[in-house]
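Student: For reference, the file target_33.tsv (TSV, C-alpha atoms) is included below:
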chain	number	residue	atom	x	y	z
A	1210	MET	CA	1.90	21.07	-17.00
A	1211	SER	CA	2.29	21.63	-20.73
A	1212	ASN	CA	3.82	18.73	-22.60
A	1213	PRO	CA	5.19	18.20	-26.11
A	1214	PRO	CA	3.03	16.44	-28.73
A	1215	LEU	CA	2.85	12.67	-28.39
A	1216	SER	CA	3.98	10.34	-31.16
A	1217	SER	CA	1.18	8.76	-33.19
A	1218	THR	CA	2.85	5.34	-33.07
A	1219	PHE	CA	4.06	3.19	-30.21
A	1220	ALA	CA	7.70	2.12	-30.07
A	1221	ALA	CA	8.96	-0.98	-28.30
A	1222	THR	CA	9.03	-0.80	-24.51
A	1223	ARG	CA	11.68	-1.02	-21.84
A	1224	PRO	CA	11.69	-0.65	-18.04
A	1225	PHE	CA	11.38	2.97	-16.96
A	1226	ALA	CA	14.92	3.95	-15.91
A	1227	ALA	CA	13.93	7.39	-14.57
A	1228	GLN	CA	11.51	6.01	-11.99
A	1229	VAL	CA	12.59	7.48	-8.63
A	1230	GLY	CA	9.60	6.29	-6.56
A	1231	GLY	CA	6.61	3.99	-6.61
A	1232	HIS	CA	6.46	0.28	-7.36
A	1233	ALA	CA	8.49	-1.50	-10.01
A	1234	GLY	CA	6.97	-2.75	-13.25
A	1235	VAL	CA	6.47	0.51	-15.13
A	1236	HIS	CA	7.52	0.38	-18.79
A	1237	VAL	CA	8.15	3.24	-21.18
A	1238	THR	CA	8.14	3.37	-24.97
A	1239	GLU	CA	11.58	3.74	-26.52
A	1240	ASP	CA	10.80	7.31	-27.52
A	1241	ASN	CA	9.93	8.02	-23.85
A	1242	SER	CA	6.54	9.51	-24.70
A	1243	LEU	CA	4.26	6.95	-23.01
A	1244	LEU	CA	4.24	4.94	-19.78
A	1245	PHE	CA	2.59	1.55	-19.28
A	1246	LYS	CA	1.86	1.30	-15.58
A	1247	PRO	CA	0.38	-1.82	-13.90
A	1248	ALA	CA	-2.79	-0.65	-12.19
A	1249	VAL	CA	-5.42	-1.87	-9.74
A	1250	PRO	CA	-9.13	-1.25	-10.46
A	1251	ARG	CA	-9.34	1.69	-8.04
A	1252	GLU	CA	-6.62	3.64	-9.86
A	1253	ILE	CA	-8.17	2.87	-13.25
A	1254	ASP	CA	-11.54	4.04	-11.95
A	1255	PHE	CA	-9.97	7.26	-10.69
A	1256	TYR	CA	-8.47	8.12	-14.08
A	1257	GLN	CA	-11.69	7.21	-15.88
A	1258	ARG	CA	-13.81	9.37	-13.55
A	1259	ILE	CA	-11.51	12.35	-14.03
A	1260	ALA	CA	-11.55	11.86	-17.82
A	1261	ALA	CA	-15.36	11.72	-17.82
A	1262	ALA	CA	-15.83	14.78	-15.60
A	1263	GLY	CA	-17.67	17.68	-17.26
A	1264	ASP	CA	-16.39	21.23	-17.37
A	1265	HIS	CA	-18.61	22.30	-14.47
A	1266	ASP	CA	-17.45	19.41	-12.27
A	1267	GLU	CA	-14.68	20.28	-9.80
A	1268	LEU	CA	-13.03	16.96	-10.71
A	1269	SER	CA	-12.36	18.25	-14.22
A	1270	LYS	CA	-9.80	20.69	-12.76
A	1271	LEU	CA	-7.60	17.73	-11.83
A	1272	LYS	CA	-7.02	17.06	-15.54
A	1273	ASP	CA	-4.45	19.86	-15.54
A	1274	TRP	CA	-2.48	18.15	-12.77
A	1275	ILE	CA	-2.42	14.44	-13.59
A	1276	PRO	CA	-0.61	12.67	-16.44
A	1277	LYS	CA	-2.65	12.61	-19.64
A	1278	PHE	CA	-4.69	9.42	-19.65
A	1279	LEU	CA	-4.86	7.61	-22.99
A	1280	GLY	CA	-6.64	4.44	-21.94
A	1281	VAL	CA	-6.24	1.00	-20.41
A	1282	LEU	CA	-4.19	-1.80	-21.94
A	1283	LYS	CA	-5.36	-5.30	-21.04
A	1284	LEU	CA	-2.72	-7.99	-21.35
A	1285	GLU	CA	-2.91	-11.75	-21.59
A	1286	GLY	CA	0.88	-11.90	-21.40
A	1287	GLN	CA	3.58	-9.45	-20.43
A	1288	LEU	CA	5.24	-6.52	-22.16
A	1289	LYS	CA	8.46	-7.58	-23.86
A	1290	ASP	CA	11.53	-5.57	-22.99
A	1291	SER	CA	13.06	-4.10	-26.14
A	1292	ASN	CA	16.50	-4.91	-24.69
A	1293	THR	CA	15.69	-8.60	-24.35
A	1294	ALA	CA	17.86	-10.89	-26.44
A	1295	GLY	CA	16.07	-12.11	-29.51
A	1296	ASN	CA	13.84	-9.07	-29.86
A	1297	GLY	CA	13.42	-8.44	-33.56
A	1298	GLY	CA	13.80	-4.71	-33.10
A	1299	ASP	CA	10.85	-3.92	-35.38
A	1300	GLY	CA	9.83	-0.99	-33.18
A	1301	ASN	CA	6.49	-2.44	-32.07
A	1302	VAL	CA	5.15	-3.00	-28.58
A	1303	GLU	CA	5.02	-6.77	-28.14
A	1304	VAL	CA	3.11	-8.87	-25.62
A	1305	VAL	CA	4.67	-12.27	-24.99
A	1306	PRO	CA	3.07	-15.29	-23.27
A	1307	VAL	CA	3.91	-16.15	-19.69
A	1308	HIS	CA	3.79	-19.49	-17.90
A	1309	GLY	CA	1.11	-19.81	-15.26
A	1310	ASN	CA	-1.54	-17.29	-14.28
A	1311	ILE	CA	-1.06	-13.54	-14.49
A	1312	ALA	CA	-1.83	-11.62	-11.32
A	1313	PRO	CA	-4.88	-9.36	-11.79
A	1314	GLU	CA	-2.83	-6.25	-11.03
A	1315	ASP	CA	-0.41	-7.17	-13.86
A	1316	LYS	CA	-3.10	-7.67	-16.49
A	1317	GLU	CA	-4.32	-4.09	-16.75
A	1318	HIS	CA	-1.95	-1.23	-17.51
A	1319	LEU	CA	-2.67	2.46	-17.58
A	1320	VAL	CA	-1.38	4.14	-20.74
A	1321	LEU	CA	-0.18	7.55	-19.58
A	1322	GLU	CA	1.81	10.43	-20.90
A	1323	ASN	CA	5.35	10.42	-19.49
A	1324	ALA	CA	5.87	13.56	-17.42
A	1325	ALA	CA	9.60	13.47	-18.25
A	1326	TYR	CA	9.02	13.31	-22.02
A	1327	GLY	CA	10.94	15.96	-23.94
A	1328	PHE	CA	13.42	16.75	-21.18
A	1329	VAL	CA	17.06	16.23	-22.14
A	1330	LYS	CA	18.26	15.81	-18.56
A	1331	PRO	CA	15.15	15.39	-16.39
A	1332	CYS	CA	15.80	16.20	-12.75
A	1333	ILE	CA	12.98	14.33	-10.99
A	1334	LEU	CA	11.68	14.40	-7.42
A	1335	ASP	CA	8.86	12.21	-6.07
A	1336	VAL	CA	7.32	13.68	-2.89
A	1337	LYS	CA	4.91	11.39	-1.03
A	1338	LEU	CA	1.96	13.40	0.26
A	1339	GLY	CA	-0.29	12.99	3.29
A	1340	THR	CA	-0.18	12.33	7.01
A	1341	VAL	CA	-2.24	9.11	6.81
A	1342	LEU	CA	-0.43	6.27	5.05
A	1343	TYR	CA	-3.06	3.51	5.17
A	1344	ASP	CA	-6.47	2.75	3.68
A	1345	ASP	CA	-9.54	2.45	5.90
A	1346	ASP	CA	-9.84	-1.17	4.77
A	1347	ALA	CA	-6.22	-2.01	5.67
A	1348	SER	CA	-5.69	-4.72	8.26
A	1349	PRO	CA	-5.12	-3.60	11.88
A	1350	GLU	CA	-1.53	-4.82	11.58
A	1351	LYS	CA	-0.87	-2.69	8.50
A	1352	GLN	CA	-2.57	0.33	10.03
A	1353	GLU	CA	-0.37	0.05	13.10
A	1354	ARG	CA	2.72	-0.34	10.91
A	1355	MET	CA	1.85	2.70	8.77
A	1356	ILE	CA	1.06	4.83	11.82
A	1357	LYS	CA	4.53	4.00	13.13
A	1358	THR	CA	6.08	4.81	9.74
A	1359	ALA	CA	4.37	8.21	9.68
A	1360	ARG	CA	5.51	8.91	13.24
A	1361	ASN	CA	9.13	7.91	12.53
A	1362	THR	CA	9.47	9.84	9.26
A	1363	THR	CA	8.63	13.34	8.13
A	1364	SER	CA	5.15	12.27	6.90
A	1365	GLY	CA	3.31	12.49	10.21
A	1366	GLU	CA	4.44	15.98	11.15
A	1367	THR	CA	4.78	17.66	7.74
A	1368	GLY	CA	2.63	15.62	5.34
A	1369	VAL	CA	5.58	14.92	3.02
A	1370	ARG	CA	8.35	12.41	2.53
A	1371	LEU	CA	11.07	12.75	-0.10
A	1372	THR	CA	10.67	9.40	-1.83
A	1373	GLY	CA	13.65	9.62	-4.16
A	1374	PHE	CA	15.20	11.94	-6.71
A	1375	GLN	CA	17.76	12.38	-9.46
A	1376	VAL	CA	19.72	15.42	-10.60
A	1377	TYR	CA	22.15	16.07	-13.45
A	1378	SER	CA	25.42	17.85	-13.99
A	1379	ASN	CA	25.49	19.84	-17.22
A	1380	ASP	CA	28.64	18.05	-18.40
A	1381	SER	CA	27.62	14.47	-17.61
A	1382	PRO	CA	25.03	12.20	-19.27
A	1383	LYS	CA	24.47	10.24	-16.05
A	1384	PRO	CA	22.15	11.33	-13.25
A	1385	ILE	CA	23.11	11.44	-9.60
A	1386	LEU	CA	20.53	9.29	-7.81
A	1387	THR	CA	19.38	9.62	-4.21
A	1388	PRO	CA	17.44	6.55	-3.00
A	1389	LYS	CA	14.22	6.21	-1.01
A	1390	SER	CA	16.22	5.37	2.11
A	1391	TYR	CA	17.40	8.98	2.34
A	1392	GLY	CA	13.88	10.34	2.64
A	1393	ARG	CA	13.00	7.74	5.26
A	1394	SER	CA	16.05	8.60	7.34
A	1395	ILE	CA	15.80	12.38	7.64
A	1396	LYS	CA	13.88	14.46	10.16
A	1397	LYS	CA	11.71	17.54	9.64
A	1398	GLU	CA	14.65	19.88	10.22
A	1399	GLN	CA	16.60	18.20	7.39
A	1400	LEU	CA	13.94	18.65	4.70
A	1401	PRO	CA	15.51	21.95	3.51
A	1402	ASP	CA	18.79	20.04	3.04
A	1403	GLY	CA	17.02	17.53	0.82
A	1404	ILE	CA	15.39	20.30	-1.21
A	1405	GLU	CA	18.80	21.95	-1.62
A	1406	MET	CA	20.19	18.65	-2.92
A	1407	PHE	CA	17.40	18.44	-5.49
A	1408	PHE	CA	17.67	22.11	-6.49
A	1409	PRO	CA	21.46	22.63	-6.46
A	1410	VAL	CA	22.96	25.78	-7.90
A	1411	SER	CA	25.88	25.29	-10.26
A	1412	SER	CA	28.18	27.63	-8.33
A	1413	ALA	CA	27.80	25.74	-5.05
A	1414	PRO	CA	29.43	22.47	-3.93
A	1415	TYR	CA	27.10	19.49	-3.99
A	1416	PRO	CA	26.62	17.59	-0.71
A	1417	THR	CA	27.16	13.86	-0.98
A	1418	PRO	CA	23.94	12.06	0.03
A	1419	PRO	CA	24.26	9.22	2.53
A	1420	ASN	CA	24.27	5.87	0.75
A	1421	PRO	CA	23.78	7.18	-2.81
A	1422	ILE	CA	22.72	4.60	-5.39
A	1423	GLU	CA	25.83	3.08	-6.87
A	1424	THR	CA	26.59	3.67	-10.53
A	1425	SER	CA	29.30	2.08	-12.64
A	1426	GLU	CA	31.19	5.38	-12.66
A	1427	LEU	CA	30.07	7.84	-10.01
A	1428	ASP	CA	30.37	11.28	-11.62
A	1429	LEU	CA	31.72	13.78	-9.11
A	1430	SER	CA	31.04	16.86	-11.26
A	1431	LYS	CA	28.72	19.32	-9.56
A	1432	PRO	CA	25.09	19.28	-10.69
A	1433	GLY	CA	22.82	22.29	-10.81
A	1434	LEU	CA	21.55	25.14	-12.92
A	1435	PRO	CA	22.89	28.71	-12.99
A	1436	PRO	CA	21.15	30.85	-10.34
A	1437	ILE	CA	18.93	32.80	-12.76
A	1438	LEU	CA	17.54	29.60	-14.32
A	1439	LEU	CA	17.09	27.87	-10.98
A	1440	HIS	CA	15.30	30.92	-9.58
A	1441	CYS	CA	12.88	30.79	-12.53
A	1442	VAL	CA	12.25	27.07	-11.92
A	1443	LEU	CA	11.49	27.68	-8.25
A	1444	THR	CA	9.28	30.70	-8.96
A	1445	THR	CA	7.24	28.70	-11.49
A	1446	LEU	CA	6.93	25.71	-9.19
A	1447	GLN	CA	5.82	27.82	-6.24
A	1448	ALA	CA	3.03	29.36	-8.31
A	1449	ASP	CA	1.99	25.94	-9.64
A	1450	LEU	CA	1.99	24.43	-6.16
A	1451	GLU	CA	-0.23	27.20	-4.83
A	1452	GLU	CA	-2.64	26.68	-7.73
A	1453	LEU	CA	-2.60	22.92	-7.14
A	1454	LYS	CA	-3.39	23.43	-3.47
A	1455	ALA	CA	-6.35	25.63	-4.37
A	1456	THR	CA	-7.62	22.91	-6.71
A	1457	ILE	CA	-7.20	20.08	-4.19
A	1458	SER	CA	-8.96	22.12	-1.50
A	1459	ASN	CA	-12.18	21.82	-3.52
A	1460	ILE	CA	-11.93	18.07	-4.19
A	1461	GLU	CA	-13.62	15.66	-1.78
A	1462	MET	CA	-11.24	12.74	-1.69
A	1463	ARG	CA	-8.83	10.74	0.40
A	1464	MET	CA	-5.43	10.33	-1.24
A	1465	VAL	CA	-3.28	7.65	0.38
A	1466	GLY	CA	0.15	6.96	-1.08
A	1467	GLY	CA	-0.13	9.65	-3.76
A	1468	SER	CA	2.74	11.89	-4.76
A	1469	VAL	CA	3.55	15.19	-6.33
A	1470	LEU	CA	6.12	14.71	-9.10
A	1471	ILE	CA	8.45	17.60	-9.88
A	1472	VAL	CA	10.51	17.60	-13.08
A	1473	TYR	CA	12.86	20.31	-14.31
A	1474	GLU	CA	15.41	20.56	-17.09
A	1475	GLY	CA	19.01	19.97	-16.02
A	1476	ASP	CA	20.56	20.69	-19.42
A	1477	TRP	CA	21.70	24.31	-19.47
A	1478	GLU	CA	21.17	24.90	-23.18
A	1479	ARG	CA	17.69	23.41	-23.22
A	1480	ALA	CA	16.78	25.12	-19.93
A	1481	SER	CA	17.93	28.49	-21.32
A	1482	LYS	CA	15.81	27.96	-24.42
A	1483	ALA	CA	12.76	27.02	-22.35
A	1484	PHE	CA	13.40	30.04	-20.09
A	1485	SER	CA	13.33	32.43	-23.05
A	1486	THR	CA	10.33	30.78	-24.76
A	1487	PRO	CA	6.84	31.48	-23.36
A	1488	SER	CA	5.24	28.22	-22.25
A	1489	GLU	CA	1.76	27.24	-23.33
A	1490	THR	CA	0.33	25.86	-20.11
A	1491	ALA	CA	-3.35	26.11	-20.98
A	1492	THR	CA	-5.10	22.88	-21.86
A	1493	THR	CA	-7.52	23.33	-24.74
A	1494	GLU	CA	-10.73	21.43	-25.25
A	1495	GLU	CA	-9.20	19.94	-28.37
A	1496	ASP	CA	-6.31	18.58	-26.30
A	1497	GLU	CA	-8.72	16.94	-23.87
A	1498	ASP	CA	-10.59	15.27	-26.72
A	1499	ASP	CA	-7.47	13.90	-28.41
A	1500	GLU	CA	-7.50	10.37	-27.04
A	1501	ILE	CA	-5.85	7.45	-28.78
A	1502	GLU	CA	-7.62	4.11	-28.55
A	1503	VAL	CA	-5.53	0.95	-28.52
A	1504	GLU	CA	-6.17	-2.77	-28.73
A	1505	ILE	CA	-4.08	-5.93	-29.07
A	1506	ASP	CA	-4.34	-8.01	-32.22
A	1507	GLU	CA	-4.08	-11.79	-32.44
A	1508	ASN	CA	-0.29	-11.56	-32.82
A	1509	GLY	CA	0.12	-9.65	-29.58
A	1510	GLN	CA	0.81	-6.31	-31.29
A	1511	ILE	CA	-0.74	-3.00	-30.25
A	1512	VAL	CA	-3.10	-1.60	-32.86
A	1513	LEU	CA	-3.86	2.12	-32.90
A	1514	GLU	CA	-7.39	3.18	-33.65
A	1515	SER	CA	-9.22	6.51	-33.72
A	1516	ILE	CA	-6.10	8.66	-34.04
A	1517	PRO	CA	-7.14	12.34	-34.07
A	1518	ASP	CA	-5.79	14.26	-37.05
A	1519	GLU	CA	-4.23	16.73	-34.62
A	1520	ALA	CA	-2.16	13.91	-33.10
A	1521	ILE	CA	-0.54	13.06	-36.44
A	1522	GLU	CA	2.20	15.61	-36.90
A	1523	GLU	CA	5.54	15.70	-38.61
A	1524	GLU	CA	8.28	14.11	-36.55
A	1525	GLU	CA	10.20	16.76	-34.65
A	1526	GLU	CA	12.39	16.87	-31.59
A	1527	PRO	CA	10.12	17.13	-28.55
A	1528	GLU	CA	10.67	20.14	-26.34
A	1529	ALA	CA	9.52	20.19	-22.75
A	1530	PRO	CA	8.89	23.23	-20.56
A	1531	LEU	CA	11.51	24.41	-18.08
A	1532	CYS	CA	9.72	22.49	-15.34
A	1533	SER	CA	6.50	20.60	-14.66
A	1534	LEU	CA	4.38	19.53	-11.70
A	1535	SER	CA	2.06	16.51	-11.58
A	1536	LEU	CA	0.00	14.47	-9.15
A	1537	ILE	CA	0.65	10.74	-9.52
A	1538	ASP	CA	-0.09	7.35	-7.92
A	1539	PHE	CA	-3.79	6.91	-7.19
A	1540	ALA	CA	-3.99	3.21	-6.32
A	1541	HIS	CA	-5.32	4.11	-2.87
A	1542	THR	CA	-7.26	7.27	-3.72
A	1543	ARG	CA	-10.99	7.47	-3.04
A	1544	LEU	CA	-13.40	10.13	-4.24
A	1545	ILE	CA	-15.91	10.47	-1.38
A	1546	ASP	CA	-18.89	12.80	-1.57
A	1547	GLY	CA	-19.30	14.80	1.62
A	1548	ALA	CA	-15.86	13.93	3.01
A	1549	GLY	CA	-14.29	17.30	2.33
A	1550	PRO	CA	-10.70	17.77	1.15
A	1551	ASP	CA	-7.81	15.66	2.39
A	1552	GLU	CA	-6.28	17.88	5.06
A	1553	GLY	CA	-3.16	15.72	5.34
A	1554	VAL	CA	-2.45	16.12	1.62
A	1555	LEU	CA	-3.12	19.87	1.80
A	1556	LYS	CA	-0.67	20.08	4.69
A	1557	GLY	CA	1.92	18.27	2.60
A	1558	ILE	CA	1.46	20.58	-0.37
A	1559	GLN	CA	1.83	23.61	1.92
A	1560	THR	CA	5.06	22.10	3.28
A	1561	VAL	CA	6.41	21.77	-0.27
A	1562	ILE	CA	5.35	25.37	-1.02
A	1563	ASP	CA	7.25	26.59	2.04
A	1564	LEU	CA	10.35	24.54	1.17
A	1565	VAL	CA	10.38	25.76	-2.44
A	1566	ARG	CA	9.86	29.38	-1.33
A	1567	GLN	CA	12.73	29.13	1.15
A	1568	ARG	CA	15.03	27.73	-1.52
A	1569	LYS	CA	13.90	30.40	-4.00
A	1570	ASP	CA	14.66	33.19	-1.52
A	1571	LYS	CA	18.11	31.74	-0.92
A	1572	ILE	CA	18.83	31.64	-4.66
A	1573	ALA	CA	17.45	35.18	-5.09
A	1574	ALA	CA	20.23	36.42	-2.81
A	1575	MET	CA	22.75	35.09	-5.37
A	1576	LEU	CA	21.30	37.04	-8.29
A	1577	PRO	CA	22.97	40.27	-9.39
A	1578	SER	CA	21.22	43.38	-8.17
A	1579	ASP	CA	19.56	45.67	-10.72
A	1580	GLY	CA	21.67	48.54	-9.55
Now, as a test, write the supplied structure out as structure tokens.
Tutor:
Amino acid sequence: MSNPPLSSTFAATRPFAAQVGGHAGVHVTEDNSLLFKPAVPREIDFYQRIAAAGDHDELSKLKDWIPKFLGVLKLEGQLKDSNTAGNGGDGNVEVVPVHGNIAPEDKEHLVLENAAYGFVKPCILDVKLGTVLYDDDASPEKQERMIKTARNTTSGETGVRLTGFQVYSNDSPKPILTPKSYGRSIKKEQLPDGIEMFFPVSSAPYPTPPNPIETSELDLSKPGLPPILLHCVLTTLQADLEELKATISNIEMRMVGGSVLIVYEGDWERASKAFSTPSETATTEEDEDDEIEVEIDENGQIVLESIPDEAIEEEEEPEAPLCSLSLIDFAHTRLIDGAGPDEGVLKGIQTVIDLVRQRKDKIAAMLPSDG
């Protein structure tokens, strides 16, 4: 949950290469610190309501579990890819005109902290939560289709679906990617296999996923952390998941299409350093107040305003924790007074807790005994 300090300036953007789930269109600054995510009004409203929640409001507890929200960017064009030919390379976020009308959902972008910022080799898993996959206002046709999807995948019975993930080998710069189709194809009994693929141990052979995403050079080196580091990752995540479940159980909402995002460090040296350094997971009031306001000038450049003094620090290499856990994707989330917690989401979180605990116990058997 704790993240390295954000840069006080925005770099040029590019498509988010580490996106393992969700819809396309997310951009990231070149320094990887911020995401620009196209958003519908309901998701914007959700982030704004959480940001405005007072300390005595149960909603305020969600701030520890969602990406840090820095504001909304309204575009009258589109974000220019820094890799596009002809880009001047001046390091600024640029908005370029488009022909025709811009779809409403493409005009407004959430500016969010990147959960993978600071990781050298971010191993990332997107787990779709919930047993109900459709909004109440969805058409009868879509409701029927989503009910069938839940029934034919692991969502209906367990409240989770492995949306997609990537893992790293310590000696390769390229991730091994497992696509969304894998999570759609497996049954409940195969979920532990998927978790083992996402949390491989370096001493064990890595199973080849069916239909892995093709890369230019598929690296066959085995991914995974040494057992002691992986055990620490799993222990931390289990505790965080249990705390997240306790938080969600007191929130009256319906979360459709939301995910829990798990990130851990796949680089052995960085993971060892994070393992030996106490993490600062507490969010201070000063952190919550440090928002950066942005606007677009007449030339289509982002202008920073109201930069807190605490946000302006000397440039240093960002360092992430050993692992992190976040709730993401709230385009179909409703906060409903009197509705009680979302039991399907709670069921999904409990499933993830059980899967992580099972994997942790298996890794614990590999650790040397004290005697």
Student: Identify which of the residues A:Ile1356, A:Met1406, A:Trp1477, A:Thr1486 lies closest to A:Tyr1343, counting all atoms listed in the file when measuring atom-to-atom distances.
Tutor: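 Residue with the minimum atom-to-atom distance to A:Tyr1343: A:Ile1356.
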Student: List as an MDAnalysis selection string the protein and nucleic acid residues near stretch 1538-1553 of chain A, meaning an atom at most 7 Å away when all atoms listed in the file are counted, but skip any in the same chain fewer than 6 places from it.
Tutor: chainID A and resid 1249 1251:1252 1339:1341 1344 1368 1457:1468
Student: Just C-alpha atoms for this one: save the residues we selected as a PDB file, in the frame of the given file.
Tutor:
ATOM      1  CA  VAL A1249      -5.420  -1.870  -9.740  1.00  0.00           C
ATOM      2  CA  ARG A1251      -9.340   1.690  -8.040  1.00  0.00           C
ATOM      3  CA  GLU A1252      -6.620   3.640  -9.860  1.00  0.00           C
ATOM      4  CA  GLY A1339      -0.290  12.990   3.290  1.00  0.00           C
ATOM      5  CA  THR A1340      -0.180  12.330   7.010  1.00  0.00           C
ATOM      6  CA  VAL A1341      -2.240   9.110   6.810  1.00  0.00           C
ATOM      7  CA  ASP A1344      -6.470   2.750   3.680  1.00  0.00           C
ATOM      8  CA  GLY A1368       2.630  15.620   5.340  1.00  0.00           C
ATOM      9  CA  ILE A1457      -7.200  20.080  -4.190  1.00  0.00           C
ATOM     10  CA  SER A1458      -8.960  22.120  -1.500  1.00  0.00           C
ATOM     11  CA  ASN A1459     -12.180  21.820  -3.520  1.00  0.00           C
ATOM     12  CA  ILE A1460     -11.930  18.070  -4.190  1.00  0.00           C
ATOM     13  CA  GLU A1461     -13.620  15.660  -1.780  1.00  0.00           C
ATOM     14  CA  MET A1462     -11.240  12.740  -1.690  1.00  0.00           C
ATOM     15  CA  ARG A1463      -8.830  10.740   0.400  1.00  0.00           C
ATOM     16  CA  MET A1464      -5.430  10.330  -1.240  1.00  0.00           C
ATOM     17  CA  VAL A1465      -3.280   7.650   0.380  1.00  0.00           C
ATOM     18  CA  GLY A1466       0.150   6.960  -1.080  1.00  0.00           C
ATOM     19  CA  GLY A1467      -0.130   9.650  -3.760  1.00  0.00           C
ATOM     20  CA  SER A1468       2.740  11.890  -4.760  1.00  0.00           C
TER      21      SER A1468
END
Student: Between A:Tyr1473, A:Phe1328, A:Phe1408, A:Tyr1377, which one has atoms that come closest to A:Ile1572, using all atoms listed in the file?
Tutor: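 Checking each of A:Tyr1473, A:Phe1328, A:Phe1408, A:Tyr1377 against A:Ile1572, counting all atoms listed in the file, the winner is A:Phe1408.
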Student: Just give me the gap between atom CA of A:Glu1350 and atom CA of A:Phe1255 in Å, one decimal is fine.
Tutor: 26.7 Å
Student: Any idea what's packed within 12 Å of A:Ala1455, counting all atoms listed in the file, ignoring anything in its chain fewer than 2 positions away? Could you give it as number ranges by chain?
Tutor: A: 1267, 1270-1271, 1274, 1448-1453, 1457-1460, 1550, 1554-1555, 1558-1559
Student: Can those selected residues be exported to a file as a PDB file, in the coordinates of the input so that it contains C-alpha atoms?
Tutor:
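Saved the output as part_4.pdb:
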ATOM      1  CA  GLU A1267     -14.680  20.280  -9.800  1.00  0.00           C
ATOM      2  CA  LYS A1270      -9.800  20.690 -12.760  1.00  0.00           C
ATOM      3  CA  LEU A1271      -7.600  17.730 -11.830  1.00  0.00           C
ATOM      4  CA  TRP A1274      -2.480  18.150 -12.770  1.00  0.00           C
ATOM      5  CA  ALA A1448       3.030  29.360  -8.310  1.00  0.00           C
ATOM      6  CA  ASP A1449       1.990  25.940  -9.640  1.00  0.00           C
ATOM      7  CA  LEU A1450       1.990  24.430  -6.160  1.00  0.00           C
ATOM      8  CA  GLU A1451      -0.230  27.200  -4.830  1.00  0.00           C
ATOM      9  CA  GLU A1452      -2.640  26.680  -7.730  1.00  0.00           C
ATOM     10  CA  LEU A1453      -2.600  22.920  -7.140  1.00  0.00           C
ATOM     11  CA  ILE A1457      -7.200  20.080  -4.190  1.00  0.00           C
ATOM     12  CA  SER A1458      -8.960  22.120  -1.500  1.00  0.00           C
ATOM     13  CA  ASN A1459     -12.180  21.820  -3.520  1.00  0.00           C
ATOM     14  CA  ILE A1460     -11.930  18.070  -4.190  1.00  0.00           C
ATOM     15  CA  PRO A1550     -10.700  17.770   1.150  1.00  0.00           C
ATOM     16  CA  VAL A1554      -2.450  16.120   1.620  1.00  0.00           C
ATOM     17  CA  LEU A1555      -3.120  19.870   1.800  1.00  0.00           C
ATOM     18  CA  ILE A1558       1.460  20.580  -0.370  1.00  0.00           C
ATOM     19  CA  GLN A1559       1.830  23.610   1.920  1.00  0.00           C
TER      20      GLN A1559
END
Student: Counting only C-alpha atoms, figure out which residue out of A:Ser1348, A:Thr1358, A:Ser1364, A:Asn1379 gets nearest to A:Lys1330.
Tutor: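 Counting only C-alpha atoms, the residue closest to A:Lys1330 is A:Asn1379.
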Student: Identify, on the basis of only C-alpha atoms, every residue whose closest approach to stretch 1318-1322 of chain A does not exceed 8 Å; exclude the query and any residue fewer than 5 positions from it along the same chain; express the result as a list in words.
Tutor: Leu1215, Ser1242, Leu1243, Leu1244, Phe1245, Lys1246, Pro1247, Ala1248, Ile1253, Pro1276, Lys1277, Phe1278, Leu1279, Gly1280, Val1281, Leu1282, Lys1283 and Leu1284 of chain A
Student: Suppose you want the space between atom CA of A:Val1469 and atom CA of A:Ile1537; what is it in Å?
Tutor: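 Going from atom CA of A:Val1469 over to atom CA of A:Ile1537, I get 6.2 Å.
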Student: Could you tell me how far atom CA of A:Gln1567 lies from atom CA of A:Pro1401, in Å and to one decimal?
Tutor: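 One can read the atom CA of A:Gln1567 to atom CA of A:Pro1401 distance as 8.1 Å.
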